[in-house]
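Structure file data-v5.cif with mmCIF, C-alpha atoms:
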```cif
data_work
#
loop_
_atom_site.label_atom_id
_atom_site.label_comp_id
_atom_site.auth_asym_id
_atom_site.auth_seq_id
_atom_site.Cartn_x
_atom_site.Cartn_y
_atom_site.Cartn_z
CA MET A 1 -128.47 -158.01 -123.82
CA LEU A 2 -125.55 -160.46 -123.83
CA ILE A 3 -123.18 -157.68 -122.73
CA THR A 4 -125.40 -156.85 -119.74
CA PHE A 5 -125.59 -160.54 -118.81
CA THR A 6 -121.80 -160.94 -119.05
CA ARG A 7 -121.18 -157.79 -117.00
CA THR A 8 -123.64 -159.02 -114.37
CA ILE A 9 -121.93 -162.40 -114.07
CA PHE A 10 -118.48 -160.78 -113.88
CA LEU A 11 -119.52 -158.25 -111.22
CA TYR A 12 -121.35 -160.97 -109.27
CA ILE A 13 -118.18 -163.07 -109.15
CA LEU A 14 -116.13 -160.01 -108.16
CA VAL A 15 -118.55 -159.09 -105.33
CA LEU A 16 -118.61 -162.71 -104.16
CA VAL A 17 -114.80 -162.87 -104.08
CA VAL A 18 -114.57 -159.53 -102.25
CA MET A 19 -117.17 -160.60 -99.67
CA ARG A 20 -115.27 -163.87 -99.08
CA LEU A 21 -112.04 -161.92 -98.61
CA MET A 22 -113.82 -159.76 -96.02
CA GLY A 23 -114.42 -162.74 -93.73
CA LYS A 24 -116.94 -165.31 -92.58
CA ARG A 25 -119.32 -163.30 -90.43
CA GLU A 26 -123.05 -163.62 -90.70
CA ILE A 27 -125.03 -160.50 -91.59
CA GLY A 28 -126.29 -160.24 -88.01
CA GLN A 29 -122.73 -160.26 -86.73
CA LEU A 30 -121.38 -157.52 -88.97
CA GLN A 31 -119.86 -154.50 -87.32
CA PRO A 32 -121.25 -151.14 -88.51
CA PHE A 33 -118.26 -150.43 -90.77
CA GLU A 34 -118.58 -153.89 -92.36
CA LEU A 35 -122.28 -153.41 -93.04
CA ALA A 36 -121.65 -149.98 -94.58
CA ILE A 37 -118.95 -151.39 -96.88
CA SER A 38 -121.22 -154.30 -97.88
CA ILE A 39 -124.05 -151.96 -98.83
CA MET A 40 -121.68 -149.70 -100.77
CA ILE A 41 -120.20 -152.66 -102.67
CA ALA A 42 -123.67 -153.79 -103.70
CA ASP A 43 -124.54 -150.31 -104.89
CA LEU A 44 -121.27 -149.87 -106.79
CA ALA A 45 -121.77 -153.21 -108.56
CA SER A 46 -125.35 -152.47 -109.59
CA ILE A 47 -124.57 -149.30 -111.57
CA PRO A 48 -122.20 -150.71 -114.24
CA MET A 49 -124.17 -153.97 -114.18
CA SER A 50 -127.32 -152.33 -115.51
CA ASP A 51 -125.93 -149.49 -117.64
CA THR A 52 -123.68 -150.69 -120.45
CA GLY A 53 -122.75 -147.06 -121.22
CA ILE A 54 -120.71 -146.93 -118.04
CA PRO A 55 -117.30 -148.62 -118.22
CA ILE A 56 -117.13 -151.71 -116.03
CA SER A 57 -113.93 -150.37 -114.46
CA ASN A 58 -116.11 -147.66 -112.85
CA GLY A 59 -117.50 -150.45 -110.67
CA ILE A 60 -114.40 -152.62 -110.28
CA ILE A 61 -111.97 -149.95 -109.06
CA PRO A 62 -114.22 -148.57 -106.27
CA ILE A 63 -115.10 -152.12 -105.14
CA LEU A 64 -111.42 -153.03 -104.90
CA GLY A 65 -110.82 -149.70 -103.11
CA LEU A 66 -113.48 -150.62 -100.55
CA LEU A 67 -111.85 -154.03 -100.10
CA VAL A 68 -108.51 -152.35 -99.36
CA MET A 69 -110.28 -149.92 -97.00
CA HIS A 70 -111.95 -152.84 -95.22
CA LEU A 71 -108.66 -154.71 -94.82
CA VAL A 72 -106.94 -151.59 -93.43
CA ILE A 73 -109.79 -150.88 -91.00
CA SER A 74 -109.83 -154.52 -89.90
CA MET A 75 -106.10 -154.48 -89.18
CA VAL A 76 -106.29 -151.18 -87.28
CA ASN A 77 -109.34 -152.54 -85.45
CA MET A 78 -107.32 -155.55 -84.28
CA LYS A 79 -104.37 -153.46 -83.12
CA SER A 80 -106.02 -150.55 -81.26
CA MET A 81 -108.61 -150.80 -78.48
CA LYS A 82 -109.45 -147.08 -78.79
CA ILE A 83 -110.14 -147.28 -82.52
CA ARG A 84 -112.09 -150.53 -81.99
CA GLY A 85 -114.27 -148.70 -79.48
CA VAL A 86 -114.95 -145.90 -81.96
CA LEU A 87 -115.57 -148.14 -84.98
CA CYS A 88 -117.43 -151.01 -83.34
CA GLY A 89 -118.76 -149.51 -80.14
CA LYS A 90 -118.77 -151.22 -76.78
CA PRO A 91 -121.12 -153.81 -75.32
CA THR A 92 -123.89 -152.42 -73.09
CA ILE A 93 -125.16 -154.18 -69.99
CA LEU A 94 -128.96 -154.12 -70.12
CA ILE A 95 -129.56 -156.26 -67.04
CA TYR A 96 -127.02 -155.94 -64.22
CA ARG A 97 -127.16 -158.31 -61.26
CA GLY A 98 -130.75 -159.19 -62.04
CA LYS A 99 -131.98 -155.59 -62.39
CA ILE A 100 -132.96 -153.95 -65.67
CA ASP A 101 -130.88 -150.85 -66.41
CA GLU A 102 -133.52 -148.52 -67.86
CA LYS A 103 -130.93 -145.83 -68.69
CA ALA A 104 -129.02 -148.35 -70.81
CA LEU A 105 -132.26 -149.42 -72.54
CA LYS A 106 -133.08 -145.78 -73.38
CA LYS A 107 -129.53 -145.07 -74.54
CA GLU A 108 -129.63 -148.06 -76.90
CA ARG A 109 -133.26 -147.32 -77.94
CA PHE A 110 -134.22 -150.79 -76.78
CA THR A 111 -137.74 -151.50 -75.54
CA LEU A 112 -138.63 -153.92 -72.79
CA ASN A 113 -140.55 -155.98 -75.37
CA GLU A 114 -137.42 -156.26 -77.53
CA LEU A 115 -135.40 -157.31 -74.50
CA GLN A 116 -137.93 -160.00 -73.63
CA GLU A 117 -137.94 -161.20 -77.25
CA ARG A 118 -134.15 -161.49 -77.23
CA LEU A 119 -134.25 -163.33 -73.90
CA ARG A 120 -136.77 -165.81 -75.31
CA GLY A 121 -134.42 -166.26 -78.25
CA ASN A 122 -131.83 -167.36 -75.66
CA ASN A 123 -134.32 -169.83 -74.11
CA VAL A 124 -135.02 -167.61 -71.10
CA VAL A 125 -138.71 -166.92 -70.48
CA ASN A 126 -138.51 -165.35 -67.04
CA LEU A 127 -136.72 -162.02 -66.53
CA GLY A 128 -136.09 -163.06 -62.93
CA ASP A 129 -133.78 -165.85 -64.12
CA VAL A 130 -131.29 -163.40 -65.65
CA GLU A 131 -128.19 -162.21 -63.82
CA TYR A 132 -126.76 -160.26 -66.78
CA ALA A 133 -127.97 -159.40 -70.28
CA ILE A 134 -125.39 -157.76 -72.49
CA LEU A 135 -126.14 -156.05 -75.81
CA GLU A 136 -123.11 -156.93 -77.91
CA THR A 137 -121.66 -154.68 -80.60
CA SER A 138 -123.14 -156.99 -83.25
CA GLY A 139 -126.66 -156.34 -81.91
CA GLN A 140 -127.03 -159.77 -80.31
CA VAL A 141 -127.93 -160.13 -76.65
CA THR A 142 -125.80 -162.42 -74.50
CA VAL A 143 -127.60 -163.79 -71.46
CA ILE A 144 -125.97 -165.03 -68.28
CA GLN A 145 -128.50 -166.72 -66.05
CA LYS A 146 -128.47 -166.70 -62.28
CA PRO A 147 -126.39 -169.59 -60.91
CA ASN A 148 -129.39 -171.58 -59.70
CA LYS A 149 -131.03 -171.35 -63.16
CA ARG A 150 -128.06 -172.42 -65.29
CA THR A 151 -127.94 -175.85 -66.85
CA THR A 152 -125.80 -178.36 -65.02
CA THR A 153 -122.56 -179.75 -66.39
CA PRO A 154 -120.59 -182.88 -65.46
CA GLU A 155 -118.13 -180.59 -63.68
CA ASP A 156 -120.91 -179.57 -61.26
CA PHE A 157 -120.97 -183.20 -60.06
CA ASN A 158 -117.16 -183.57 -60.00
CA MET A 159 -117.33 -185.85 -63.03
CA THR A 160 -114.97 -185.94 -66.00
CA PRO A 161 -116.55 -187.42 -69.12
CA GLU A 162 -114.46 -189.44 -71.54
CA TYR A 163 -112.96 -187.69 -74.55
CA GLU A 164 -115.33 -188.08 -77.51
CA GLY A 165 -113.24 -186.58 -80.30
CA ILE A 166 -114.56 -184.39 -83.09
CA PRO A 167 -117.68 -185.60 -84.85
CA TYR A 168 -117.50 -186.08 -88.60
CA ASP A 169 -119.86 -187.20 -91.33
CA LEU A 170 -119.45 -190.76 -92.51
CA VAL A 171 -121.55 -190.27 -95.62
CA VAL A 172 -121.78 -186.95 -97.47
CA ASP A 173 -123.67 -186.64 -100.75
CA ARG A 174 -123.88 -190.43 -101.06
CA LYS A 175 -120.09 -190.81 -100.76
CA ASN A 176 -118.73 -192.99 -97.99
CA TYR A 177 -115.78 -191.46 -96.07
CA VAL A 178 -114.91 -194.35 -93.77
#
```
The structure given in the file should be rewritten as structure tokens.
Amino acid sequence: MLITFTRTIFLYILVLVVMRLMGKREIGQLQPFELAISIMIADLASIPMSDTGIPISNGIIPILGLLVMHLVISMVNMKSMKIRGVLCGKPTILIYRGKIDEKALKKERFTLNELQERLRGNNVVNLGDVEYAILETSGQVTVIQKPNKRTTTPEDFNMTPEYEGIPYDLVVDRKNYV
């Protein structure tokens, strides 16, 4: 029992370190290859964690191998547009100049209800207010509203606000940082 507990803690720390080395993306922002590696790491860690008859190295070595594979793919992904297109895909325009592209919706297996839900998630309730809606490679929808529906900025009124600096917390966990 103690051996299983110790192995679990060790593999948990290893998976946590590997996931931190992979980067700071949220689950919803993972590229397909990152999600696949994350699922595989979890599966590889669970086998030696639960079965003490399997050497722990049978989990550690493949996890480290996946980390190396992730780092290599990430570097290649940064260097080559063609490989990035294959690994990550390309954004798809779902609404173009205010018109819904039904072919793009079908291609991405996206329903009109899902599109409306994503628009509401971007604080847009009327389809007529949208100039462009782009399905990003992460699965999120970016919305660009029509010019007359966008929020105004000081620049729209030829104003330049004063520099405010970066905000910071004065008190964190009851400790004063002033």
Proximity to A:Arg84 - best of A:Ser57, A:Pro32, A:Ile100, A:Thr160, all atoms listed in the file: A:Pro32
Exercise: A:Leu87 partners within 10 Å, only C-alpha atoms, chain neighbours under 2 positions left out, as a list of chain:residue names: A:Gln31, A:Pro32, A:Phe33, A:Glu34, A:Ile73, A:Ser74, A:Asn77, A:Met81, A:Lys82, A:Ile83, A:Arg84, A:Gly85, A:Gly89, A:Lys90, A:Thr137
Suppose we keep C-alpha atoms; can you now write the selection as an mmCIF file, in the coordinates of the input?
```cif
data_model
loop_
_atom_site.group_PDB
_atom_site.id
_atom_site.type_symbol
_atom_site.label_atom_id
_atom_site.label_comp_id
_atom_site.auth_asym_id
_atom_site.auth_seq_id
_atom_site.Cartn_x
_atom_site.Cartn_y
_atom_site.Cartn_z
ATOM 1 C CA GLN A 31 -119.860 -154.500 -87.320
ATOM 2 C CA PRO A 32 -121.250 -151.140 -88.510
ATOM 3 C CA PHE A 33 -118.260 -150.430 -90.770
ATOM 4 C CA GLU A 34 -118.580 -153.890 -92.360
ATOM 5 C CA ILE A 73 -109.790 -150.880 -91.000
ATOM 6 C CA SER A 74 -109.830 -154.520 -89.900
ATOM 7 C CA ASN A 77 -109.340 -152.540 -85.450
ATOM 8 C CA MET A 81 -108.610 -150.800 -78.480
ATOM 9 C CA LYS A 82 -109.450 -147.080 -78.790
ATOM 10 C CA ILE A 83 -110.140 -147.280 -82.520
ATOM 11 C CA ARG A 84 -112.090 -150.530 -81.990
ATOM 12 C CA GLY A 85 -114.270 -148.700 -79.480
ATOM 13 C CA GLY A 89 -118.760 -149.510 -80.140
ATOM 14 C CA LYS A 90 -118.770 -151.220 -76.780
ATOM 15 C CA THR A 137 -121.660 -154.680 -80.600
#
```
Shell of 8 Å around A:Arg7, all atoms listed in the file, local chain residues under 4 positions omitted, as a list in words: Ile3, Leu11, Pro48, Met49 and Ile56 of chain A
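Using all atoms listed in the file, the nearest neighbour of A:Glu108 within the list A:Val86, A:Met75, A:Ile134, A:Leu127 is A:Ile134.
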Mind telling me what the PyMOL selection byres ((chain A and resi 130) around 7) catches here, as a PDB file with C-alpha atoms, keeping the file's coordinate frame?
```
ATOM      1  CA  GLY A  98    -130.750-159.190 -62.040  1.00  0.00           C
ATOM      2  CA  LEU A 127    -136.720-162.020 -66.530  1.00  0.00           C
ATOM      3  CA  GLY A 128    -136.090-163.060 -62.930  1.00  0.00           C
ATOM      4  CA  ASP A 129    -133.780-165.850 -64.120  1.00  0.00           C
ATOM      5  CA  GLU A 131    -128.190-162.210 -63.820  1.00  0.00           C
ATOM      6  CA  TYR A 132    -126.760-160.260 -66.780  1.00  0.00           C
ATOM      7  CA  ALA A 133    -127.970-159.400 -70.280  1.00  0.00           C
ATOM      8  CA  VAL A 143    -127.600-163.790 -71.460  1.00  0.00           C
ATOM      9  CA  ILE A 144    -125.970-165.030 -68.280  1.00  0.00           C
ATOM     10  CA  GLN A 145    -128.500-166.720 -66.050  1.00  0.00           C
ATOM     11  CA  LYS A 146    -128.470-166.700 -62.280  1.00  0.00           C
TER      12      LYS A 146
END
```
Picked residues, the PyMOL selection byres ((chain A and resi 59) around 12), as a PyMOL selection string: chain A and resi 7-8+10-12+14-15+40-52+54-58+60-66
Shell around A:Asn122 at 8 Å using only C-alpha atoms, local window under 2 positions removed, as a list in words: Arg118, Leu119, Arg120, Val124, Thr142 and Val143 of chain A
The selected residues should be written to file as a PDB file, in the frame of the given file (atoms: C-alpha atoms).
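And here's selection_33.pdb as it stands now:
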```pdb
ATOM      1  CA  ARG A 118    -134.150-161.490 -77.230  1.00  0.00           C
ATOM      2  CA  LEU A 119    -134.250-163.330 -73.900  1.00  0.00           C
ATOM      3  CA  ARG A 120    -136.770-165.810 -75.310  1.00  0.00           C
ATOM      4  CA  VAL A 124    -135.020-167.610 -71.100  1.00  0.00           C
ATOM      5  CA  THR A 142    -125.800-162.420 -74.500  1.00  0.00           C
ATOM      6  CA  VAL A 143    -127.600-163.790 -71.460  1.00  0.00           C
TER       7      VAL A 143
END
```
Do you know which residues lie at most 8 Å from (-125.4, -154.7, -85.9), with coordinates as in the file and only C-alpha atoms counted, and could you write them as an mmCIF file with C-alpha atoms, in the frame of the given file?
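Generated file (point-v8.cif):
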```
data_model
loop_
_atom_site.group_PDB
_atom_site.id
_atom_site.type_symbol
_atom_site.label_atom_id
_atom_site.label_comp_id
_atom_site.auth_asym_id
_atom_site.auth_seq_id
_atom_site.Cartn_x
_atom_site.Cartn_y
_atom_site.Cartn_z
ATOM 1 C CA GLY A 28 -126.290 -160.240 -88.010
ATOM 2 C CA GLN A 29 -122.730 -160.260 -86.730
ATOM 3 C CA LEU A 30 -121.380 -157.520 -88.970
ATOM 4 C CA GLN A 31 -119.860 -154.500 -87.320
ATOM 5 C CA PRO A 32 -121.250 -151.140 -88.510
ATOM 6 C CA LEU A 35 -122.280 -153.410 -93.040
ATOM 7 C CA THR A 137 -121.660 -154.680 -80.600
ATOM 8 C CA SER A 138 -123.140 -156.990 -83.250
ATOM 9 C CA GLY A 139 -126.660 -156.340 -81.910
ATOM 10 C CA GLN A 140 -127.030 -159.770 -80.310
#
```
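Atom CA of A:Asn123 is found 11.5 Å from atom CA of A:Lys149.
Counting only C-alpha atoms, the residue from A:Asn158, A:Asn113, A:Leu21, A:Leu94 that sits nearest to A:Leu67 is A:Leu21.
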Residue nearest A:Tyr96 - candidates A:Leu135, A:Val125, A:Leu2, A:Met69, atoms counted: only C-alpha atoms: A:Leu135
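For the atom pair formed by atom CA of A:Ile37 and atom CA of A:Leu71, the distance is 11.0 Å, given to one decimal.
What separates atom CA of A:Glu136 from atom CA of A:Cys88 is a distance of 9.8 Å.
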Top pick for closest residue to A:Pro147, considering A:Arg97, A:His70, A:Pro91, A:Tyr168 and counting all atoms listed in the file: A:Arg97
Nearest candidate to A:Val141 (options A:Asn126, A:Ile95, A:Pro154, A:Lys107; using only C-alpha atoms): A:Ile95
